[in-house]
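Structure below is target.cif: mmCIF, C-alpha atoms.
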```cif
data_entry
#
loop_
_atom_site.label_atom_id
_atom_site.label_comp_id
_atom_site.auth_asym_id
_atom_site.auth_seq_id
_atom_site.Cartn_x
_atom_site.Cartn_y
_atom_site.Cartn_z
CA MET A 17 220.00 -127.23 -22.25
CA SER A 18 223.42 -125.62 -22.95
CA ASN A 19 226.07 -126.12 -25.61
CA GLN A 20 229.75 -126.29 -25.13
CA ASP A 21 230.10 -122.47 -25.09
CA GLY A 22 227.79 -122.30 -22.09
CA THR A 23 225.01 -120.41 -23.84
CA HIS A 24 221.41 -121.53 -23.56
CA GLN A 25 219.81 -122.76 -26.81
CA ASP A 26 216.49 -123.93 -25.40
CA GLU A 27 214.44 -120.96 -26.58
CA THR A 28 211.22 -122.15 -28.16
CA PRO A 29 209.65 -120.75 -31.39
CA THR A 30 206.86 -119.30 -29.30
CA THR A 31 209.27 -116.98 -27.54
CA ARG A 32 210.64 -115.76 -30.82
CA LEU A 33 207.11 -115.01 -32.17
CA ARG A 34 206.22 -112.96 -29.14
CA ARG A 35 209.27 -110.83 -29.67
CA GLU A 36 208.24 -110.06 -33.25
CA LEU A 37 204.53 -109.25 -32.49
CA PRO A 38 203.58 -105.81 -31.10
CA ALA A 39 202.86 -105.48 -27.47
CA GLU A 40 199.37 -106.45 -26.38
CA VAL A 41 197.01 -103.63 -25.61
CA PRO A 42 195.12 -103.95 -22.35
CA ALA A 43 191.37 -104.20 -22.56
CA ALA A 44 190.98 -101.18 -20.35
CA ASP A 45 192.94 -99.04 -22.82
CA VAL A 46 190.64 -100.03 -25.71
CA GLY A 47 187.60 -98.81 -23.82
CA ALA A 48 189.31 -95.53 -23.00
CA ASP A 49 190.01 -94.78 -26.67
CA ALA A 50 186.32 -95.15 -27.74
CA PRO A 51 184.72 -91.95 -29.18
CA GLU A 52 182.91 -89.74 -26.74
CA GLU A 53 179.84 -89.53 -29.01
CA ALA A 54 178.86 -93.05 -28.04
CA SER A 55 178.11 -91.85 -24.56
CA GLU A 56 175.49 -89.28 -25.87
CA PRO A 57 171.82 -90.48 -25.92
CA SER A 58 170.31 -91.25 -29.37
CA LEU A 59 167.33 -89.22 -30.74
CA THR A 60 163.83 -90.70 -30.69
CA GLY A 61 161.67 -91.05 -33.79
CA ARG A 62 159.46 -88.11 -32.78
CA GLN A 63 162.50 -85.85 -32.28
CA ARG A 64 163.84 -86.77 -35.72
CA LEU A 65 160.38 -86.04 -37.23
CA VAL A 66 160.29 -82.60 -35.57
CA GLN A 67 163.78 -81.81 -36.84
CA GLY A 68 162.70 -82.79 -40.37
CA LEU A 69 159.56 -80.64 -40.33
CA TRP A 70 160.82 -77.52 -38.56
CA PRO A 71 161.95 -75.11 -39.73
CA PRO A 72 159.78 -75.67 -42.84
CA ARG A 73 161.45 -75.70 -46.22
CA VAL A 74 158.93 -74.29 -48.74
CA SER A 75 159.69 -74.02 -52.42
CA ARG A 76 158.29 -71.34 -54.71
CA ALA A 77 156.00 -73.82 -56.49
CA GLN A 78 154.56 -75.02 -53.18
CA LEU A 79 153.92 -71.43 -52.11
CA ILE A 80 152.04 -70.66 -55.35
CA VAL A 81 149.91 -73.80 -54.96
CA ALA A 82 149.11 -72.85 -51.37
CA VAL A 83 147.97 -69.35 -52.42
CA LEU A 84 145.76 -70.78 -55.18
CA LEU A 85 144.18 -73.29 -52.80
CA PHE A 86 143.52 -70.52 -50.28
CA GLY A 87 141.79 -68.39 -52.93
CA LEU A 88 139.68 -71.35 -54.04
CA GLY A 89 138.67 -72.13 -50.47
CA PHE A 90 137.77 -68.51 -49.79
CA GLY A 91 135.60 -68.33 -52.91
CA LEU A 92 133.77 -71.53 -51.96
CA ALA A 93 133.19 -70.22 -48.44
CA VAL A 94 131.70 -66.97 -49.78
CA GLN A 95 129.43 -68.86 -52.16
CA VAL A 96 128.22 -71.19 -49.42
CA ALA A 97 127.53 -68.23 -47.14
CA SER A 98 125.59 -66.44 -49.91
CA ASN A 99 123.51 -69.53 -50.62
CA SER A 100 122.85 -69.94 -46.90
CA GLU A 101 121.56 -66.37 -46.63
CA SER A 102 119.25 -66.88 -49.61
CA SER A 103 117.93 -70.14 -48.22
CA ASN A 104 117.41 -68.56 -44.80
CA ALA A 105 115.38 -65.74 -46.37
CA LEU A 106 113.16 -68.22 -48.18
CA ARG A 107 112.90 -70.40 -45.08
CA GLY A 108 111.42 -67.50 -43.16
CA ALA A 109 108.90 -66.59 -45.86
CA ARG A 110 105.23 -67.41 -45.54
CA GLN A 111 103.63 -70.19 -47.54
CA GLU A 112 101.68 -67.80 -49.73
CA ASP A 113 104.88 -65.85 -50.48
CA LEU A 114 106.64 -69.04 -51.55
CA VAL A 115 103.72 -69.94 -53.79
CA ARG A 116 103.82 -66.49 -55.38
CA ILE A 117 107.59 -66.78 -56.01
CA LEU A 118 107.10 -70.16 -57.67
CA ASP A 119 104.33 -68.70 -59.81
CA GLU A 120 106.66 -65.89 -60.93
CA LEU A 121 109.33 -68.41 -61.91
CA ASP A 122 106.77 -70.37 -63.89
CA ASP A 123 105.62 -67.19 -65.62
CA ARG A 124 109.18 -66.30 -66.59
CA SER A 125 109.73 -69.78 -67.99
CA GLN A 126 106.49 -69.48 -69.94
CA ARG A 127 107.52 -66.10 -71.39
CA LEU A 128 110.82 -67.55 -72.58
CA GLU A 129 109.00 -70.50 -74.11
CA ASP A 130 106.57 -68.16 -75.89
CA GLU A 131 109.45 -66.12 -77.26
CA LYS A 132 111.13 -69.27 -78.50
CA GLN A 133 107.96 -70.39 -80.27
CA GLY A 134 107.54 -66.94 -81.84
CA LEU A 135 111.05 -67.07 -83.29
CA GLU A 136 110.47 -70.57 -84.63
CA LYS A 137 107.23 -69.38 -86.23
CA GLN A 138 109.03 -66.53 -87.95
CA ARG A 139 111.64 -68.94 -89.26
CA GLN A 140 108.96 -71.26 -90.63
CA GLU A 141 107.14 -68.34 -92.29
CA LEU A 142 110.35 -67.30 -94.01
CA GLU A 143 111.00 -70.84 -95.18
CA ASN A 144 107.45 -71.46 -96.42
CA SER A 145 106.62 -68.05 -97.89
CA SER A 146 106.50 -67.88 -101.68
CA ASP A 147 107.79 -64.33 -101.56
CA GLN A 148 110.53 -64.59 -98.98
CA ALA A 149 111.84 -61.08 -99.73
CA GLU A 150 108.46 -59.46 -98.88
CA GLU A 151 108.06 -61.57 -95.76
CA ALA A 152 111.56 -60.66 -94.63
CA ARG A 153 110.77 -56.97 -95.17
CA LYS A 154 107.62 -57.22 -93.01
CA GLN A 155 109.51 -58.93 -90.23
CA THR A 156 112.25 -56.34 -90.47
CA VAL A 157 109.76 -53.49 -90.04
CA GLU A 158 108.17 -55.22 -87.06
CA LYS A 159 111.58 -55.90 -85.54
CA GLU A 160 112.52 -52.26 -86.01
CA LYS A 161 109.48 -51.17 -84.00
CA GLN A 162 110.33 -53.59 -81.21
CA LEU A 163 113.92 -52.38 -81.10
CA GLY A 164 112.70 -48.77 -81.11
CA ILE A 165 110.64 -49.48 -77.99
CA LEU A 166 113.64 -51.06 -76.26
CA ALA A 167 115.93 -48.21 -77.33
CA GLY A 168 113.36 -45.59 -76.24
CA THR A 169 113.20 -43.89 -79.63
CA VAL A 170 109.46 -44.53 -80.12
CA ALA A 171 106.50 -44.24 -77.76
CA ALA A 172 104.79 -47.35 -76.45
CA GLU A 173 101.51 -48.27 -74.85
CA GLY A 174 100.02 -51.39 -73.32
CA PRO A 175 98.97 -52.97 -70.04
CA GLY A 176 101.16 -52.50 -67.00
CA ILE A 177 101.45 -50.75 -63.66
CA THR A 178 102.10 -47.35 -62.19
CA MET A 179 104.29 -47.16 -59.08
CA THR A 180 104.50 -43.91 -57.11
CA ILE A 181 107.12 -43.40 -54.38
CA GLU A 182 106.50 -40.56 -51.92
CA ASP A 183 109.75 -39.53 -50.22
CA THR A 184 108.98 -36.78 -47.70
CA LYS A 185 112.03 -37.63 -45.57
CA GLY A 186 114.49 -37.51 -48.45
CA THR A 187 115.81 -40.99 -47.61
CA VAL A 188 115.32 -42.67 -51.00
CA GLU A 189 118.64 -43.05 -52.82
CA ALA A 190 119.63 -43.89 -56.37
CA ASP A 191 120.52 -47.51 -55.63
CA MET A 192 116.99 -48.15 -54.31
CA LEU A 193 115.42 -46.89 -57.52
CA LEU A 194 117.93 -48.93 -59.52
CA ASP A 195 116.88 -52.05 -57.60
CA ALA A 196 113.27 -51.30 -58.51
CA ILE A 197 114.18 -51.00 -62.22
CA GLN A 198 116.13 -54.26 -62.18
CA GLU A 199 113.32 -56.09 -60.39
CA LEU A 200 110.80 -54.81 -62.96
CA ARG A 201 113.03 -55.88 -65.84
CA ALA A 202 113.40 -59.34 -64.31
CA ALA A 203 109.60 -59.56 -64.07
CA GLY A 204 109.19 -58.88 -67.79
CA ALA A 205 108.90 -55.09 -68.07
CA GLU A 206 109.16 -54.05 -71.72
CA ALA A 207 109.15 -50.25 -71.35
CA ILE A 208 109.87 -48.11 -68.26
CA GLN A 209 109.64 -44.39 -67.66
CA VAL A 210 110.66 -42.65 -64.42
CA ASN A 211 109.05 -39.19 -64.20
CA ASP A 212 110.00 -37.67 -67.58
CA VAL A 213 113.02 -39.88 -68.35
CA ARG A 214 112.88 -43.01 -70.50
CA VAL A 215 114.78 -45.94 -69.02
CA VAL A 216 116.88 -47.98 -71.49
CA ALA A 217 119.58 -50.61 -71.27
CA GLY A 218 122.37 -48.10 -70.61
CA THR A 219 120.49 -46.00 -68.05
CA PHE A 220 122.47 -45.00 -64.94
CA LEU A 221 121.27 -43.41 -61.70
CA THR A 222 123.24 -41.22 -59.29
CA ASP A 223 122.49 -39.37 -56.08
CA SER A 224 122.08 -35.60 -56.44
CA GLY A 225 121.75 -34.07 -53.00
CA LYS A 226 118.38 -35.24 -51.68
CA SER A 227 117.24 -36.04 -55.21
CA VAL A 228 118.24 -38.54 -57.88
CA SER A 229 119.63 -38.07 -61.38
CA VAL A 230 118.65 -40.46 -64.18
CA ASP A 231 121.09 -40.35 -67.09
CA GLY A 232 122.17 -36.92 -65.88
CA ASN A 233 118.59 -35.60 -65.62
CA LYS A 234 117.69 -34.55 -62.10
CA ILE A 235 114.28 -35.75 -60.92
CA ASN A 236 112.50 -34.99 -57.66
CA ALA A 237 110.05 -36.90 -55.50
CA PRO A 238 107.47 -38.19 -55.85
CA TYR A 239 109.10 -40.72 -58.17
CA ARG A 240 106.54 -42.02 -60.65
CA PHE A 241 107.27 -45.24 -62.56
CA LYS A 242 105.19 -46.05 -65.65
CA VAL A 243 105.85 -49.63 -66.65
CA ILE A 244 104.47 -51.68 -69.55
CA GLY A 245 104.28 -55.40 -69.03
CA LYS A 246 102.08 -58.11 -67.58
CA PRO A 247 100.55 -56.59 -64.42
CA GLN A 248 100.11 -60.02 -62.83
CA ASP A 249 103.90 -60.44 -62.93
CA LEU A 250 105.06 -56.88 -62.23
CA GLU A 251 103.14 -56.11 -59.04
CA PRO A 252 103.99 -59.35 -57.15
CA ALA A 253 107.67 -58.91 -58.06
CA LEU A 254 107.72 -55.60 -56.19
CA ASN A 255 105.92 -56.99 -53.13
CA ILE A 256 107.99 -60.13 -52.45
CA PRO A 257 109.37 -60.43 -48.88
CA GLY A 258 112.46 -58.26 -48.58
CA GLY A 259 111.79 -56.77 -51.99
CA VAL A 260 111.49 -53.25 -53.33
CA VAL A 261 108.35 -52.16 -51.48
CA GLN A 262 109.51 -53.41 -48.07
CA THR A 263 112.94 -51.84 -48.52
CA LEU A 264 111.46 -48.45 -49.38
CA GLU A 265 108.97 -48.61 -46.53
CA LYS A 266 111.83 -49.25 -44.10
CA GLU A 267 113.22 -45.89 -45.29
CA GLN A 268 109.88 -44.29 -44.32
CA ALA A 269 108.83 -43.88 -47.95
CA THR A 270 105.27 -44.53 -49.12
CA VAL A 271 104.84 -46.82 -52.12
CA THR A 272 101.65 -47.16 -54.16
CA VAL A 273 101.29 -49.70 -57.00
CA GLU A 274 98.30 -49.62 -59.35
CA ARG A 275 97.49 -51.95 -62.21
CA SER A 276 96.14 -50.61 -65.50
CA THR A 277 95.05 -51.99 -68.84
CA LYS A 278 96.67 -49.09 -70.66
CA ILE A 279 99.95 -47.43 -69.76
CA VAL A 280 101.49 -44.85 -72.08
CA VAL A 281 105.26 -44.47 -72.08
CA ASP A 282 105.90 -41.39 -74.21
CA ALA A 283 109.26 -40.08 -72.98
CA LEU A 284 111.65 -40.43 -75.92
CA ARG A 285 115.40 -40.60 -76.36
CA ALA A 286 117.35 -39.47 -79.38
CA ALA A 287 118.76 -42.26 -81.51
CA GLU A 288 122.47 -42.58 -80.81
CA GLN A 289 124.98 -43.62 -83.43
CA PRO A 290 127.84 -45.77 -82.17
CA ASP A 291 131.30 -44.26 -82.51
CA TYR A 292 133.16 -47.45 -83.38
CA ALA A 293 130.73 -50.35 -83.85
CA ARG A 294 129.53 -51.08 -87.36
CA SER A 295 127.19 -53.74 -88.73
CA SER A 296 129.02 -56.86 -89.80
CA SER A 297 126.22 -58.06 -92.14
CA GLN A 298 126.95 -57.83 -95.85
#
```
Now that the file is in, can you turn its structure into structure tokens?
Amino acid sequence: MSNQDGTHQDETPTTRLRRELPAEVPAADVGADAPEEASEPSLTGRQRLVQGLWPPRVSRAQLIVAVLLFGLGFGLAVQVASNSESSNALRGARQEDLVRILDELDDRSQRLEDEKQGLEKQRQELENSSDQAEEARKQTVEKEKQLGILAGTVAAEGPGITMTIEDTKGTVEADMLLDAIQELRAAGAEAIQVNDVRVVAGTFLTDSGKSVSVDGNKINAPYRFKVIGKPQDLEPALNIPGGVVQTLEKEQATVTVERSTKIVVDALRAAEQPDYARSSSQ
């Protein structure tokens, strides 16, 4: 349709809208502008887990906890191994040896029970005595004698054993004699003398060439132990499987143990005064 001027006026509103809108973008162009990362393959769950765990990120607190757990585990492993060795040694023992070991344990328990009853008796005597001061003095004198025997300041006599170790090869060392002393103490020895040296709580043994020194006093073989205690406990303690006698015999030493109703321990030690310790009783 045209007006009088000859110009066309049949343009529709749609044509005018298209002129105002931006040019359409072809679909192919939109795909070309997409980011290149979309074309890369995505990571799997396992790959993401590996990336999260490695390299490890350990804090200082976690490291300290790990070290403590390692130390605890190592200690438990050592204890289990030690218990296994002890159980294996008992498992290989003969029936009569096991019976003797049980008897020794019963004897030790009985000695402790007797000591407990003795202390309770002393307490009751102090409580019931009309003259408690005199009773306390008597018990003090008796206790002083007992402590003198333990300290080696007074001589002692009583039943016990004599153990003689012949060492012609010079293979007996200080630690072997120390094991014998400890085993005798565990079996209830009350007084011990090795050759001419009194053994007390602080006694130490060292090797001195092919001999042994006890508290700095050199002694030579044969080593003669005089021990006061219950013979029925002392001798079996030395002869248990893997014990003192078997260990010394493996070193080609000859061991002789004799029981006696009277053993005299007369080697004495000078009474020592402590440098710093003082009695706290008023």
(message) Residues near A:Ile117, anyone? I mean within 10 Å using all atoms listed in the file, not counting same-chain ones fewer than 3 positions away, as number ranges by chain.
(response) A: 106, 111-114, 120-123, 252-253, 256-257
(request) Could you check how far atom CA of A:Glu267 sits from atom CA of A:Ile197, in Å to one decimal? (result) 17.7 Å
(request) May I ask for the distance between atom CA of A:Glu251 and atom CA of A:Ala205, given in Å to one decimal place? (result)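 Atom CA of A:Ala205 lies at a distance of 10.8 Å from atom CA of A:Glu251.
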(message) So that I can check the surroundings of stretch 168-185 of chain A, please list as a ChimeraX atom specification every protein, DNA and RNA residue that reaches within 7 Å of it, counting only C-alpha atoms and ignoring chain neighbours fewer than 3 positions away.
(response) /A:164-165,188,214,216,237-247,269-287
Write out, as a PDB file, in the frame of the given file, the residues just selected, with C-alpha atoms.
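Contents of part35.pdb, as written:
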```
ATOM      1  CA  GLY A 164     112.700 -48.770 -81.110  1.00  0.00           C
ATOM      2  CA  ILE A 165     110.640 -49.480 -77.990  1.00  0.00           C
ATOM      3  CA  VAL A 188     115.320 -42.670 -51.000  1.00  0.00           C
ATOM      4  CA  ARG A 214     112.880 -43.010 -70.500  1.00  0.00           C
ATOM      5  CA  VAL A 216     116.880 -47.980 -71.490  1.00  0.00           C
ATOM      6  CA  ALA A 237     110.050 -36.900 -55.500  1.00  0.00           C
ATOM      7  CA  PRO A 238     107.470 -38.190 -55.850  1.00  0.00           C
ATOM      8  CA  TYR A 239     109.100 -40.720 -58.170  1.00  0.00           C
ATOM      9  CA  ARG A 240     106.540 -42.020 -60.650  1.00  0.00           C
ATOM     10  CA  PHE A 241     107.270 -45.240 -62.560  1.00  0.00           C
ATOM     11  CA  LYS A 242     105.190 -46.050 -65.650  1.00  0.00           C
ATOM     12  CA  VAL A 243     105.850 -49.630 -66.650  1.00  0.00           C
ATOM     13  CA  ILE A 244     104.470 -51.680 -69.550  1.00  0.00           C
ATOM     14  CA  GLY A 245     104.280 -55.400 -69.030  1.00  0.00           C
ATOM     15  CA  LYS A 246     102.080 -58.110 -67.580  1.00  0.00           C
ATOM     16  CA  PRO A 247     100.550 -56.590 -64.420  1.00  0.00           C
ATOM     17  CA  ALA A 269     108.830 -43.880 -47.950  1.00  0.00           C
ATOM     18  CA  THR A 270     105.270 -44.530 -49.120  1.00  0.00           C
ATOM     19  CA  VAL A 271     104.840 -46.820 -52.120  1.00  0.00           C
ATOM     20  CA  THR A 272     101.650 -47.160 -54.160  1.00  0.00           C
ATOM     21  CA  VAL A 273     101.290 -49.700 -57.000  1.00  0.00           C
ATOM     22  CA  GLU A 274      98.300 -49.620 -59.350  1.00  0.00           C
ATOM     23  CA  ARG A 275      97.490 -51.950 -62.210  1.00  0.00           C
ATOM     24  CA  SER A 276      96.140 -50.610 -65.500  1.00  0.00           C
ATOM     25  CA  THR A 277      95.050 -51.990 -68.840  1.00  0.00           C
ATOM     26  CA  LYS A 278      96.670 -49.090 -70.660  1.00  0.00           C
ATOM     27  CA  ILE A 279      99.950 -47.430 -69.760  1.00  0.00           C
ATOM     28  CA  VAL A 280     101.490 -44.850 -72.080  1.00  0.00           C
ATOM     29  CA  VAL A 281     105.260 -44.470 -72.080  1.00  0.00           C
ATOM     30  CA  ASP A 282     105.900 -41.390 -74.210  1.00  0.00           C
ATOM     31  CA  ALA A 283     109.260 -40.080 -72.980  1.00  0.00           C
ATOM     32  CA  LEU A 284     111.650 -40.430 -75.920  1.00  0.00           C
ATOM     33  CA  ARG A 285     115.400 -40.600 -76.360  1.00  0.00           C
ATOM     34  CA  ALA A 286     117.350 -39.470 -79.380  1.00  0.00           C
ATOM     35  CA  ALA A 287     118.760 -42.260 -81.510  1.00  0.00           C
TER      36      ALA A 287
END
```
(message) So the first atom is atom CA of A:Leu221 and the second is atom CA of A:Glu199; what is the distance between them in Å, to one decimal place?
(response)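 Interatomic distance, atom CA of A:Leu221 to atom CA of A:Glu199: 15.0 Å.
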(message) Applying 12 Å and only C-alpha atoms, which residues near A:Asn233 remain after dropping the ones on its own chain fewer than 6 positions away? List them as a ChimeraX atom specification.
(response) /A:210-215,219-224,227
Can those selected residues be exported to a file as an mmCIF file, in the frame of the given file so that it contains C-alpha atoms?
```
data_model
loop_
_atom_site.group_PDB
_atom_site.id
_atom_site.type_symbol
_atom_site.label_atom_id
_atom_site.label_comp_id
_atom_site.auth_asym_id
_atom_site.auth_seq_id
_atom_site.Cartn_x
_atom_site.Cartn_y
_atom_site.Cartn_z
ATOM 1 C CA VAL A 210 110.660 -42.650 -64.420
ATOM 2 C CA ASN A 211 109.050 -39.190 -64.200
ATOM 3 C CA ASP A 212 110.000 -37.670 -67.580
ATOM 4 C CA VAL A 213 113.020 -39.880 -68.350
ATOM 5 C CA ARG A 214 112.880 -43.010 -70.500
ATOM 6 C CA VAL A 215 114.780 -45.940 -69.020
ATOM 7 C CA THR A 219 120.490 -46.000 -68.050
ATOM 8 C CA PHE A 220 122.470 -45.000 -64.940
ATOM 9 C CA LEU A 221 121.270 -43.410 -61.700
ATOM 10 C CA THR A 222 123.240 -41.220 -59.290
ATOM 11 C CA ASP A 223 122.490 -39.370 -56.080
ATOM 12 C CA SER A 224 122.080 -35.600 -56.440
ATOM 13 C CA SER A 227 117.240 -36.040 -55.210
#
```
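Remark: for A:Gly204, the closest of the candidate residues A:Thr263, A:Thr187, A:Ser229, A:Ser125 is A:Ser125 (distances computed over all atoms listed in the file).
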Working from the structure I just supplied, which lacks atoms in stretch 168-177 of chain A, can you model all heavy atoms there and output them as a tab-separated table (two decimals), in the coordinates of the input?
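Written output follows (result.tsv):
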```
chain	number	residue	atom	x	y	z
A	168	GLY	N	114.00	-46.82	-76.72
A	168	GLY	CA	113.36	-45.59	-76.24
A	168	GLY	C	113.19	-44.53	-77.30
A	168	GLY	O	112.91	-43.38	-76.98
A	169	THR	N	113.32	-44.89	-78.56
A	169	THR	CA	113.20	-43.89	-79.63
A	169	THR	C	111.77	-43.73	-80.12
A	169	THR	O	111.49	-42.80	-80.87
A	169	THR	CB	114.10	-44.29	-80.81
A	169	THR	OG1	113.74	-45.60	-81.27
A	169	THR	CG2	115.56	-44.29	-80.40
A	170	VAL	N	110.87	-44.64	-79.73
A	170	VAL	CA	109.46	-44.53	-80.12
A	170	VAL	C	108.61	-44.68	-78.87
A	170	VAL	O	109.03	-45.31	-77.88
A	170	VAL	CB	109.07	-45.60	-81.16
A	170	VAL	CG1	109.86	-45.40	-82.45
A	170	VAL	CG2	109.28	-47.00	-80.61
A	171	ALA	N	107.42	-44.11	-78.89
A	171	ALA	CA	106.50	-44.24	-77.76
A	171	ALA	C	105.89	-45.64	-77.76
A	171	ALA	O	105.89	-46.34	-78.78
A	171	ALA	CB	105.40	-43.18	-77.84
A	172	ALA	N	105.38	-46.02	-76.60
A	172	ALA	CA	104.79	-47.35	-76.45
A	172	ALA	C	103.58	-47.26	-75.54
A	172	ALA	O	103.48	-46.38	-74.69
A	172	ALA	CB	105.82	-48.33	-75.88
A	173	GLU	N	102.67	-48.19	-75.72
A	173	GLU	CA	101.51	-48.27	-74.85
A	173	GLU	C	101.10	-49.73	-74.70
A	173	GLU	O	101.38	-50.56	-75.56
A	173	GLU	CB	100.34	-47.45	-75.38
A	173	GLU	CG	99.77	-47.96	-76.69
A	173	GLU	CD	98.56	-47.15	-77.14
A	173	GLU	OE1	98.58	-45.92	-76.98
A	173	GLU	OE2	97.60	-47.77	-77.65
A	174	GLY	N	100.45	-50.02	-73.58
A	174	GLY	CA	100.02	-51.39	-73.32
A	174	GLY	C	99.67	-51.55	-71.85
A	174	GLY	O	99.76	-50.60	-71.06
A	175	PRO	N	99.30	-52.75	-71.43
A	175	PRO	CA	98.97	-52.97	-70.04
A	175	PRO	C	100.21	-52.90	-69.16
A	175	PRO	O	101.34	-53.09	-69.63
A	175	PRO	CB	98.38	-54.38	-70.04
A	175	PRO	CG	99.00	-55.04	-71.24
A	175	PRO	CD	99.17	-53.95	-72.25
A	176	GLY	N	100.01	-52.59	-67.90
A	176	GLY	CA	101.16	-52.50	-67.00
A	176	GLY	C	100.76	-51.96	-65.64
A	176	GLY	O	99.62	-52.13	-65.19
A	177	ILE	N	101.69	-51.29	-65.00
A	177	ILE	CA	101.45	-50.75	-63.66
A	177	ILE	C	102.02	-49.33	-63.57
A	177	ILE	O	102.86	-48.92	-64.38
A	177	ILE	CB	102.11	-51.62	-62.56
A	177	ILE	CG1	103.64	-51.61	-62.73
A	177	ILE	CG2	101.56	-53.03	-62.58
A	177	ILE	CD1	104.39	-52.24	-61.56
```
